[in-house]
>>> print(open('structure25.txt').read())   # compact mmCIF, N, CA and C atoms
# COMPACT_ATOMS: atom_id res chain seq x y z
N MET A 1 1.25 -14.25 14.00
CA MET A 1 1.54 -13.20 13.06
C MET A 1 1.75 -11.88 13.81
N LYS A 2 2.70 -11.10 13.34
CA LYS A 2 3.03 -9.82 13.96
C LYS A 2 2.91 -8.72 12.91
N ILE A 3 2.36 -7.59 13.31
CA ILE A 3 2.32 -6.42 12.43
C ILE A 3 3.27 -5.39 13.01
N ARG A 4 4.14 -4.88 12.14
CA ARG A 4 5.13 -3.88 12.58
C ARG A 4 5.37 -2.89 11.45
N VAL A 5 6.05 -1.79 11.78
CA VAL A 5 6.41 -0.78 10.79
C VAL A 5 7.34 -1.41 9.76
N MET A 6 7.12 -1.09 8.50
CA MET A 6 7.99 -1.58 7.44
C MET A 6 9.36 -0.92 7.51
N GLU A 7 10.38 -1.72 7.26
CA GLU A 7 11.76 -1.24 7.18
C GLU A 7 12.30 -1.57 5.79
N ILE A 8 13.31 -0.85 5.35
CA ILE A 8 13.85 -1.09 4.02
C ILE A 8 14.42 -2.51 3.90
N THR A 9 14.82 -3.11 5.00
CA THR A 9 15.32 -4.49 4.95
C THR A 9 14.23 -5.48 4.57
N ASP A 10 12.97 -5.07 4.61
CA ASP A 10 11.85 -5.92 4.19
C ASP A 10 11.64 -5.89 2.68
N TYR A 11 12.35 -5.02 1.98
CA TYR A 11 12.03 -4.73 0.58
C TYR A 11 11.94 -5.97 -0.30
N GLU A 12 12.91 -6.84 -0.30
CA GLU A 12 12.91 -7.99 -1.21
C GLU A 12 11.67 -8.86 -1.00
N LYS A 13 11.32 -9.09 0.26
CA LYS A 13 10.14 -9.91 0.56
C LYS A 13 8.85 -9.18 0.17
N VAL A 14 8.83 -7.89 0.41
CA VAL A 14 7.66 -7.08 0.04
C VAL A 14 7.49 -7.08 -1.48
N TYR A 15 8.58 -6.87 -2.20
CA TYR A 15 8.51 -6.84 -3.67
C TYR A 15 8.03 -8.18 -4.21
N ALA A 16 8.54 -9.28 -3.66
CA ALA A 16 8.09 -10.60 -4.10
C ALA A 16 6.59 -10.78 -3.85
N LEU A 17 6.11 -10.28 -2.72
CA LEU A 17 4.67 -10.35 -2.44
C LEU A 17 3.89 -9.52 -3.44
N TRP A 18 4.36 -8.29 -3.70
CA TRP A 18 3.68 -7.46 -4.69
C TRP A 18 3.57 -8.16 -6.03
N MET A 19 4.64 -8.77 -6.47
CA MET A 19 4.64 -9.41 -7.79
C MET A 19 3.75 -10.65 -7.83
N SER A 20 3.43 -11.21 -6.67
CA SER A 20 2.56 -12.39 -6.63
C SER A 20 1.08 -12.03 -6.64
N CYS A 21 0.76 -10.76 -6.46
CA CYS A 21 -0.64 -10.33 -6.39
C CYS A 21 -1.11 -9.83 -7.75
N LYS A 22 -2.28 -10.28 -8.16
CA LYS A 22 -2.83 -9.92 -9.47
C LYS A 22 -3.51 -8.55 -9.44
N ASN A 23 -3.51 -7.91 -10.61
CA ASN A 23 -4.26 -6.67 -10.86
C ASN A 23 -3.76 -5.47 -10.08
N MET A 24 -2.45 -5.41 -9.90
CA MET A 24 -1.85 -4.24 -9.27
C MET A 24 -0.90 -3.59 -10.25
N GLY A 25 -0.52 -2.36 -9.98
CA GLY A 25 0.37 -1.64 -10.87
C GLY A 25 1.56 -1.06 -10.13
N PHE A 26 2.72 -1.23 -10.70
CA PHE A 26 3.97 -0.76 -10.12
C PHE A 26 4.78 -0.10 -11.22
N ASN A 27 5.92 0.48 -10.85
CA ASN A 27 6.83 0.94 -11.89
C ASN A 27 8.27 0.77 -11.42
N ASN A 28 9.17 0.85 -12.37
CA ASN A 28 10.58 0.55 -12.12
C ASN A 28 11.30 1.60 -11.28
N LEU A 29 10.76 2.79 -11.15
CA LEU A 29 11.43 3.85 -10.39
C LEU A 29 10.86 3.97 -8.98
N ASP A 30 9.60 4.31 -8.88
CA ASP A 30 9.00 4.54 -7.57
C ASP A 30 8.98 3.30 -6.70
N ASP A 31 8.86 2.13 -7.31
CA ASP A 31 8.75 0.89 -6.56
C ASP A 31 10.07 0.12 -6.50
N SER A 32 11.15 0.74 -6.96
CA SER A 32 12.48 0.14 -6.81
C SER A 32 12.89 0.22 -5.34
N LYS A 33 13.94 -0.49 -4.99
CA LYS A 33 14.43 -0.41 -3.60
C LYS A 33 14.80 1.03 -3.25
N GLU A 34 15.43 1.72 -4.17
CA GLU A 34 15.82 3.10 -3.92
C GLU A 34 14.59 4.00 -3.75
N GLY A 35 13.59 3.79 -4.58
CA GLY A 35 12.37 4.59 -4.49
C GLY A 35 11.63 4.35 -3.18
N ILE A 36 11.55 3.10 -2.76
CA ILE A 36 10.86 2.77 -1.51
C ILE A 36 11.67 3.27 -0.32
N GLU A 37 12.99 3.20 -0.40
CA GLU A 37 13.82 3.71 0.69
C GLU A 37 13.60 5.21 0.87
N LYS A 38 13.53 5.95 -0.22
CA LYS A 38 13.26 7.39 -0.17
C LYS A 38 11.88 7.65 0.45
N PHE A 39 10.91 6.85 0.04
CA PHE A 39 9.55 6.99 0.55
C PHE A 39 9.51 6.73 2.06
N LEU A 40 10.16 5.65 2.52
CA LEU A 40 10.14 5.31 3.94
C LEU A 40 10.87 6.35 4.79
N LYS A 41 11.90 6.98 4.24
CA LYS A 41 12.58 8.05 4.98
C LYS A 41 11.65 9.24 5.17
N ARG A 42 10.83 9.52 4.17
CA ARG A 42 9.89 10.64 4.25
C ARG A 42 8.68 10.30 5.12
N ASN A 43 8.29 9.04 5.11
CA ASN A 43 7.11 8.56 5.85
C ASN A 43 7.52 7.34 6.69
N PRO A 44 8.28 7.53 7.77
CA PRO A 44 8.85 6.39 8.48
C PRO A 44 7.88 5.58 9.35
N ASP A 45 6.70 6.11 9.64
CA ASP A 45 5.83 5.47 10.63
C ASP A 45 4.46 5.08 10.11
N THR A 46 4.24 5.09 8.79
CA THR A 46 2.88 4.89 8.28
C THR A 46 2.72 3.67 7.38
N SER A 47 3.79 2.93 7.13
CA SER A 47 3.71 1.70 6.32
C SER A 47 3.98 0.50 7.22
N PHE A 48 3.24 -0.57 6.99
CA PHE A 48 3.31 -1.72 7.89
C PHE A 48 3.41 -3.03 7.12
N VAL A 49 4.07 -4.01 7.75
CA VAL A 49 4.12 -5.37 7.22
C VAL A 49 3.50 -6.32 8.24
N ALA A 50 2.88 -7.37 7.72
CA ALA A 50 2.41 -8.48 8.54
C ALA A 50 3.40 -9.61 8.31
N VAL A 51 3.99 -10.11 9.40
CA VAL A 51 5.05 -11.11 9.31
C VAL A 51 4.64 -12.35 10.07
N GLU A 52 4.79 -13.50 9.42
CA GLU A 52 4.58 -14.78 10.09
C GLU A 52 5.83 -15.61 9.90
N ASP A 53 6.38 -16.09 11.00
CA ASP A 53 7.70 -16.72 10.99
C ASP A 53 8.67 -15.70 10.39
N ASP A 54 9.26 -15.98 9.26
CA ASP A 54 10.16 -15.00 8.64
C ASP A 54 9.59 -14.46 7.33
N ALA A 55 8.33 -14.77 7.06
CA ALA A 55 7.71 -14.39 5.78
C ALA A 55 6.86 -13.14 5.93
N VAL A 56 6.96 -12.24 4.95
CA VAL A 56 6.06 -11.09 4.88
C VAL A 56 4.81 -11.57 4.16
N VAL A 57 3.68 -11.56 4.88
CA VAL A 57 2.42 -12.06 4.32
C VAL A 57 1.45 -10.94 4.01
N GLY A 58 1.80 -9.72 4.39
CA GLY A 58 0.96 -8.57 4.10
C GLY A 58 1.77 -7.29 4.18
N ILE A 59 1.33 -6.28 3.43
CA ILE A 59 2.02 -4.98 3.39
C ILE A 59 1.00 -3.89 3.07
N VAL A 60 1.11 -2.78 3.76
CA VAL A 60 0.41 -1.56 3.36
C VAL A 60 1.46 -0.46 3.30
N LEU A 61 1.59 0.13 2.14
CA LEU A 61 2.52 1.24 1.92
C LEU A 61 1.69 2.52 1.91
N ALA A 62 1.91 3.36 2.90
CA ALA A 62 1.10 4.57 3.04
C ALA A 62 1.96 5.72 3.53
N GLY A 63 1.52 6.91 3.20
CA GLY A 63 2.22 8.10 3.64
C GLY A 63 1.29 9.29 3.56
N HIS A 64 1.87 10.48 3.73
CA HIS A 64 1.06 11.69 3.63
C HIS A 64 1.93 12.86 3.19
N ASP A 65 1.25 13.90 2.77
CA ASP A 65 1.94 15.12 2.33
C ASP A 65 1.75 16.25 3.33
N GLY A 66 1.27 15.92 4.52
CA GLY A 66 0.99 16.93 5.53
C GLY A 66 -0.47 17.32 5.56
N ARG A 67 -1.17 16.99 4.51
CA ARG A 67 -2.59 17.36 4.40
C ARG A 67 -3.48 16.14 4.21
N ARG A 68 -3.10 15.25 3.29
CA ARG A 68 -3.88 14.05 2.99
C ARG A 68 -3.00 12.83 3.11
N GLY A 69 -3.61 11.74 3.55
CA GLY A 69 -2.94 10.46 3.56
C GLY A 69 -3.19 9.74 2.25
N TYR A 70 -2.25 8.93 1.85
CA TYR A 70 -2.38 8.16 0.61
C TYR A 70 -1.96 6.72 0.86
N ILE A 71 -2.79 5.82 0.39
CA ILE A 71 -2.47 4.39 0.44
C ILE A 71 -1.95 4.06 -0.96
N TYR A 72 -0.70 3.67 -1.04
CA TYR A 72 -0.08 3.42 -2.34
C TYR A 72 -0.19 1.96 -2.76
N HIS A 73 0.11 1.05 -1.87
CA HIS A 73 0.01 -0.38 -2.19
C HIS A 73 -0.46 -1.13 -0.95
N MET A 74 -1.38 -2.07 -1.18
CA MET A 74 -1.83 -2.98 -0.12
C MET A 74 -1.85 -4.37 -0.73
N SER A 75 -1.18 -5.29 -0.08
CA SER A 75 -1.15 -6.67 -0.57
C SER A 75 -1.18 -7.63 0.60
N VAL A 76 -1.91 -8.71 0.42
CA VAL A 76 -1.89 -9.83 1.36
C VAL A 76 -1.68 -11.09 0.52
N ALA A 77 -0.76 -11.94 0.96
CA ALA A 77 -0.48 -13.18 0.25
C ALA A 77 -1.77 -13.99 0.09
N GLU A 78 -1.94 -14.59 -1.06
CA GLU A 78 -3.20 -15.27 -1.38
C GLU A 78 -3.59 -16.31 -0.33
N ASP A 79 -2.64 -17.07 0.18
CA ASP A 79 -2.95 -18.10 1.18
C ASP A 79 -3.35 -17.51 2.53
N TYR A 80 -3.17 -16.21 2.72
CA TYR A 80 -3.47 -15.57 4.00
C TYR A 80 -4.68 -14.64 3.93
N ARG A 81 -5.34 -14.60 2.79
CA ARG A 81 -6.48 -13.70 2.64
C ARG A 81 -7.70 -14.23 3.41
N LYS A 82 -8.63 -13.34 3.65
CA LYS A 82 -9.88 -13.64 4.35
C LYS A 82 -9.64 -14.03 5.81
N GLN A 83 -8.52 -13.55 6.38
CA GLN A 83 -8.21 -13.80 7.78
C GLN A 83 -8.12 -12.51 8.59
N GLY A 84 -8.46 -11.39 7.97
CA GLY A 84 -8.45 -10.12 8.67
C GLY A 84 -7.11 -9.40 8.67
N ILE A 85 -6.14 -9.93 7.93
CA ILE A 85 -4.80 -9.32 7.93
C ILE A 85 -4.85 -7.93 7.29
N GLY A 86 -5.53 -7.80 6.16
CA GLY A 86 -5.64 -6.50 5.51
C GLY A 86 -6.32 -5.48 6.41
N THR A 87 -7.35 -5.89 7.10
CA THR A 87 -8.06 -4.99 8.01
C THR A 87 -7.14 -4.58 9.16
N GLN A 88 -6.35 -5.51 9.69
CA GLN A 88 -5.41 -5.18 10.77
C GLN A 88 -4.33 -4.20 10.27
N LEU A 89 -3.82 -4.45 9.06
CA LEU A 89 -2.83 -3.54 8.50
C LEU A 89 -3.42 -2.13 8.36
N MET A 90 -4.64 -2.05 7.86
CA MET A 90 -5.28 -0.74 7.70
C MET A 90 -5.55 -0.07 9.03
N SER A 91 -5.88 -0.84 10.05
CA SER A 91 -6.10 -0.27 11.38
C SER A 91 -4.82 0.39 11.88
N HIS A 92 -3.69 -0.28 11.72
CA HIS A 92 -2.40 0.30 12.11
C HIS A 92 -2.10 1.55 11.28
N CYS A 93 -2.35 1.46 9.99
CA CYS A 93 -2.07 2.55 9.07
C CYS A 93 -2.92 3.78 9.40
N GLU A 94 -4.22 3.58 9.57
CA GLU A 94 -5.11 4.70 9.88
C GLU A 94 -4.74 5.34 11.21
N ALA A 95 -4.40 4.54 12.20
CA ALA A 95 -4.01 5.09 13.51
C ALA A 95 -2.73 5.92 13.36
N ALA A 96 -1.78 5.43 12.56
CA ALA A 96 -0.53 6.17 12.35
C ALA A 96 -0.79 7.50 11.65
N LEU A 97 -1.65 7.48 10.64
CA LEU A 97 -1.97 8.72 9.94
C LEU A 97 -2.67 9.71 10.88
N LYS A 98 -3.59 9.22 11.70
CA LYS A 98 -4.27 10.09 12.66
C LYS A 98 -3.28 10.70 13.65
N ARG A 99 -2.32 9.89 14.13
CA ARG A 99 -1.31 10.42 15.06
C ARG A 99 -0.52 11.56 14.43
N GLU A 100 -0.42 11.56 13.11
CA GLU A 100 0.32 12.61 12.40
C GLU A 100 -0.59 13.76 11.98
N GLY A 101 -1.83 13.75 12.47
CA GLY A 101 -2.74 14.85 12.21
C GLY A 101 -3.44 14.79 10.87
N ILE A 102 -3.46 13.64 10.24
CA ILE A 102 -4.10 13.48 8.93
C ILE A 102 -5.55 13.09 9.13
N ASN A 103 -6.45 13.78 8.44
CA ASN A 103 -7.89 13.57 8.64
C ASN A 103 -8.59 12.84 7.50
N LYS A 104 -7.89 12.63 6.37
CA LYS A 104 -8.54 12.00 5.23
C LYS A 104 -7.48 11.24 4.44
N ALA A 105 -7.85 10.07 3.93
CA ALA A 105 -6.92 9.28 3.13
C ALA A 105 -7.57 8.92 1.80
N ALA A 106 -6.73 8.76 0.79
CA ALA A 106 -7.20 8.43 -0.55
C ALA A 106 -6.34 7.30 -1.11
N LEU A 107 -6.83 6.69 -2.16
CA LEU A 107 -6.09 5.62 -2.83
C LEU A 107 -6.61 5.45 -4.24
N LEU A 108 -5.83 4.75 -5.04
CA LEU A 108 -6.24 4.37 -6.39
C LEU A 108 -6.26 2.85 -6.45
N VAL A 109 -7.24 2.32 -7.16
CA VAL A 109 -7.32 0.87 -7.38
C VAL A 109 -7.85 0.66 -8.80
N PHE A 110 -7.22 -0.26 -9.52
CA PHE A 110 -7.67 -0.53 -10.88
C PHE A 110 -9.12 -1.03 -10.86
N ASN A 111 -9.91 -0.60 -11.84
CA ASN A 111 -11.29 -1.07 -11.95
C ASN A 111 -11.35 -2.59 -12.07
N ARG A 112 -10.37 -3.18 -12.74
CA ARG A 112 -10.36 -4.63 -12.97
C ARG A 112 -10.04 -5.44 -11.71
N ASN A 113 -9.59 -4.77 -10.66
CA ASN A 113 -9.20 -5.45 -9.43
C ASN A 113 -10.42 -5.63 -8.53
N GLU A 114 -11.22 -6.64 -8.85
CA GLU A 114 -12.47 -6.86 -8.13
C GLU A 114 -12.25 -7.14 -6.65
N ALA A 115 -11.27 -7.97 -6.33
CA ALA A 115 -11.00 -8.28 -4.92
C ALA A 115 -10.56 -7.03 -4.17
N GLY A 116 -9.70 -6.24 -4.80
CA GLY A 116 -9.24 -5.01 -4.17
C GLY A 116 -10.37 -4.03 -3.95
N ASN A 117 -11.21 -3.84 -4.95
CA ASN A 117 -12.33 -2.92 -4.81
C ASN A 117 -13.30 -3.37 -3.72
N ALA A 118 -13.55 -4.67 -3.63
CA ALA A 118 -14.44 -5.18 -2.57
C ALA A 118 -13.81 -4.92 -1.20
N PHE A 119 -12.50 -5.15 -1.06
CA PHE A 119 -11.83 -4.90 0.21
C PHE A 119 -11.93 -3.43 0.60
N TRP A 120 -11.63 -2.53 -0.34
CA TRP A 120 -11.63 -1.10 0.00
C TRP A 120 -13.03 -0.62 0.35
N GLU A 121 -14.03 -1.17 -0.31
CA GLU A 121 -15.40 -0.78 0.04
C GLU A 121 -15.71 -1.20 1.48
N LYS A 122 -15.30 -2.41 1.86
CA LYS A 122 -15.51 -2.87 3.24
C LYS A 122 -14.75 -2.02 4.25
N GLN A 123 -13.65 -1.42 3.81
CA GLN A 123 -12.87 -0.56 4.70
C GLN A 123 -13.44 0.86 4.80
N GLY A 124 -14.51 1.14 4.04
CA GLY A 124 -15.16 2.44 4.12
C GLY A 124 -14.70 3.45 3.09
N PHE A 125 -13.88 3.02 2.12
CA PHE A 125 -13.44 3.94 1.07
C PHE A 125 -14.52 3.99 -0.01
N THR A 126 -14.90 5.19 -0.40
CA THR A 126 -15.96 5.37 -1.38
C THR A 126 -15.36 5.77 -2.73
N VAL A 127 -16.13 5.56 -3.77
CA VAL A 127 -15.73 5.95 -5.13
C VAL A 127 -16.18 7.37 -5.36
N ARG A 128 -15.29 8.18 -5.88
CA ARG A 128 -15.62 9.57 -6.23
C ARG A 128 -15.98 9.60 -7.71
N GLU A 129 -17.16 10.09 -8.01
CA GLU A 129 -17.62 10.20 -9.40
C GLU A 129 -17.37 11.61 -9.94
N ASP A 130 -16.97 12.54 -9.07
CA ASP A 130 -16.86 13.94 -9.46
C ASP A 130 -15.44 14.37 -9.80
N VAL A 131 -14.50 13.44 -9.85
CA VAL A 131 -13.12 13.80 -10.16
C VAL A 131 -12.58 12.89 -11.26
N ALA A 132 -11.57 13.37 -11.94
CA ALA A 132 -10.85 12.58 -12.93
C ALA A 132 -9.41 12.46 -12.46
N TYR A 133 -8.90 11.27 -12.45
CA TYR A 133 -7.51 11.05 -12.06
C TYR A 133 -6.63 11.35 -13.26
N ARG A 134 -5.63 12.16 -13.06
CA ARG A 134 -4.69 12.50 -14.13
C ARG A 134 -3.28 12.37 -13.58
N ASN A 135 -2.34 12.01 -14.45
CA ASN A 135 -0.94 12.02 -14.04
C ASN A 135 -0.06 12.35 -15.23
N LYS A 136 1.19 12.66 -14.94
CA LYS A 136 2.16 12.99 -15.97
C LYS A 136 3.51 12.47 -15.50
N ALA A 137 4.12 11.65 -16.32
CA ALA A 137 5.45 11.14 -16.00
C ALA A 137 6.48 12.23 -16.18
N LEU A 138 7.33 12.42 -15.20
CA LEU A 138 8.41 13.40 -15.25
C LEU A 138 9.75 12.74 -15.55
N ALA A 139 9.73 11.43 -15.68
CA ALA A 139 10.90 10.63 -16.04
C ALA A 139 10.41 9.45 -16.86
N GLU A 140 11.30 8.78 -17.54
CA GLU A 140 10.89 7.60 -18.30
C GLU A 140 10.62 6.47 -17.32
N ILE A 141 9.36 6.05 -17.27
CA ILE A 141 8.90 5.05 -16.30
C ILE A 141 8.44 3.81 -17.06
N VAL A 142 8.82 2.66 -16.55
CA VAL A 142 8.36 1.39 -17.09
C VAL A 142 7.30 0.84 -16.15
N ARG A 143 6.09 0.64 -16.67
CA ARG A 143 5.00 0.08 -15.86
C ARG A 143 5.21 -1.39 -15.65
N ILE A 144 4.83 -1.85 -14.47
CA ILE A 144 4.87 -3.26 -14.15
C ILE A 144 3.51 -3.63 -13.61
N ASP A 145 2.65 -4.18 -14.46
CA ASP A 145 1.30 -4.60 -14.04
C ASP A 145 1.31 -6.08 -13.71
N THR A 146 0.67 -6.42 -12.60
CA THR A 146 0.61 -7.82 -12.21
C THR A 146 -0.73 -8.41 -12.53
>>> encode(input="structure25.txt", output="structure tokens")
Amino acid sequence: MKIRVMEITDYEKVYALWMSCKNMGFNNLDDSKEGIEKFLKRNPDTSFVAVEDDAVVGIVLAGHDGRRGYIYHMSVAEDYRKQGIGTQLMSHCEAALKREGINKAALLVFNRNEAGNAFWEKQGFTVREDVAYRNKALAEIVRIDT
């Protein structure tokens, strides 16, 4: 297995992996090929794929705004879980964010995603009880929950 920076040519395989993972949330705009291409142009060195043979078996989509790092999506194919792939992806991601001068990273995970929450806790991400997450759609967005 090889871990490398994600490229837009990985999109179809990455999207198929995302759709195979339960308890995640996507949308038709930000997670479209065009949306991901825009994201990768802005953050070219912080998202990684794990590839075995010609298959994408893991992905971490991450970037930053110059101040904070954000983990947007992390997925590992079900048959490849519990092998350290997610931890390796995060190691690459955290190192890339540090190289860009980022000192703190954040993420969102659905409460119902027990496996995801357990993984993030093992990675050292803590739950903040003192904040409320809020958002506002600026365009008509269709949610895609897996």
>>> closest_residue(input="structure25.txt", among="A:Ile144, A:Met6, A:Ile102, A:Leu107", to="His64 of chain A", atoms="only N, CA and C atoms")
A:Ile102
>>> atom_distance(input="structure25.txt", atom1="atom C of Ile8 of chain A", atom2="atom N of Val60 of chain A")
13.3 Å
>>> atom_distance(input="structure25.txt", atom1="atom CA of Phe48 of chain A", atom2="atom CA of His92 of chain A")
7.4 Å
>>> atom_distance(input="structure25.txt", atom1="atom CA of Asn43 of chain A", atom2="atom CA of Val14 of chain A")
16.7 Å
>>> closest_residue(input="structure25.txt", among="A:Ala62, A:Val57, A:Leu108, A:Met74", to="Glu94 of chain A", atoms="only C-alpha atoms")
A:Ala62
>>> select_by_dssp(input="structure25.txt", residues="chain A", states="strand (DSSP E or B)", output="ChimeraX atom specification")
/A:2-5,25-27,48-52,55-64,69-76,105-107,143-145
>>> residues_around(input="structure25.txt", residues="segment 10-12 of chain A", least_positions_apart="5", cutoff="8 Å", atoms="all atoms listed in the file", output="PyMOL selection string")
chain A and resi 17-18+32-33+36+56
>>> residues_near_point(input="structure25.txt", point="(-10.7, -12.0, 1.3)", cutoff="12 Å", atoms="only C-alpha atoms", output="list in words")
Ser75, Val76, Ala77, Glu78, Asp79, Tyr80, Arg81, Lys82, Gln83, Gly84, Ile85, Gly86, Thr87, Glu114, Ala115, Gly116, Asn117, Ala118, Phe119, Trp120 and Lys122 of chain A
>>> residues_around(input="structure25.txt", residues="Asn103 of chain A", least_positions_apart="5", cutoff="8 Å", atoms="only N, CA and C atoms", output="number ranges by chain")
A: 66-69, 97-98
>>> select_by_dssp(input="structure25.txt", residues="chain A", states="alpha helix (DSSP H)", output="count of residues only")
44
>>> residues_near_point(input="structure25.txt", point="(15.6, 2.3, 3.4)", cutoff="6.5 Å", atoms="only N, CA and C atoms", output="VMD selection string")
chain A and resid 7 to 9 36 to 38 40 to 41
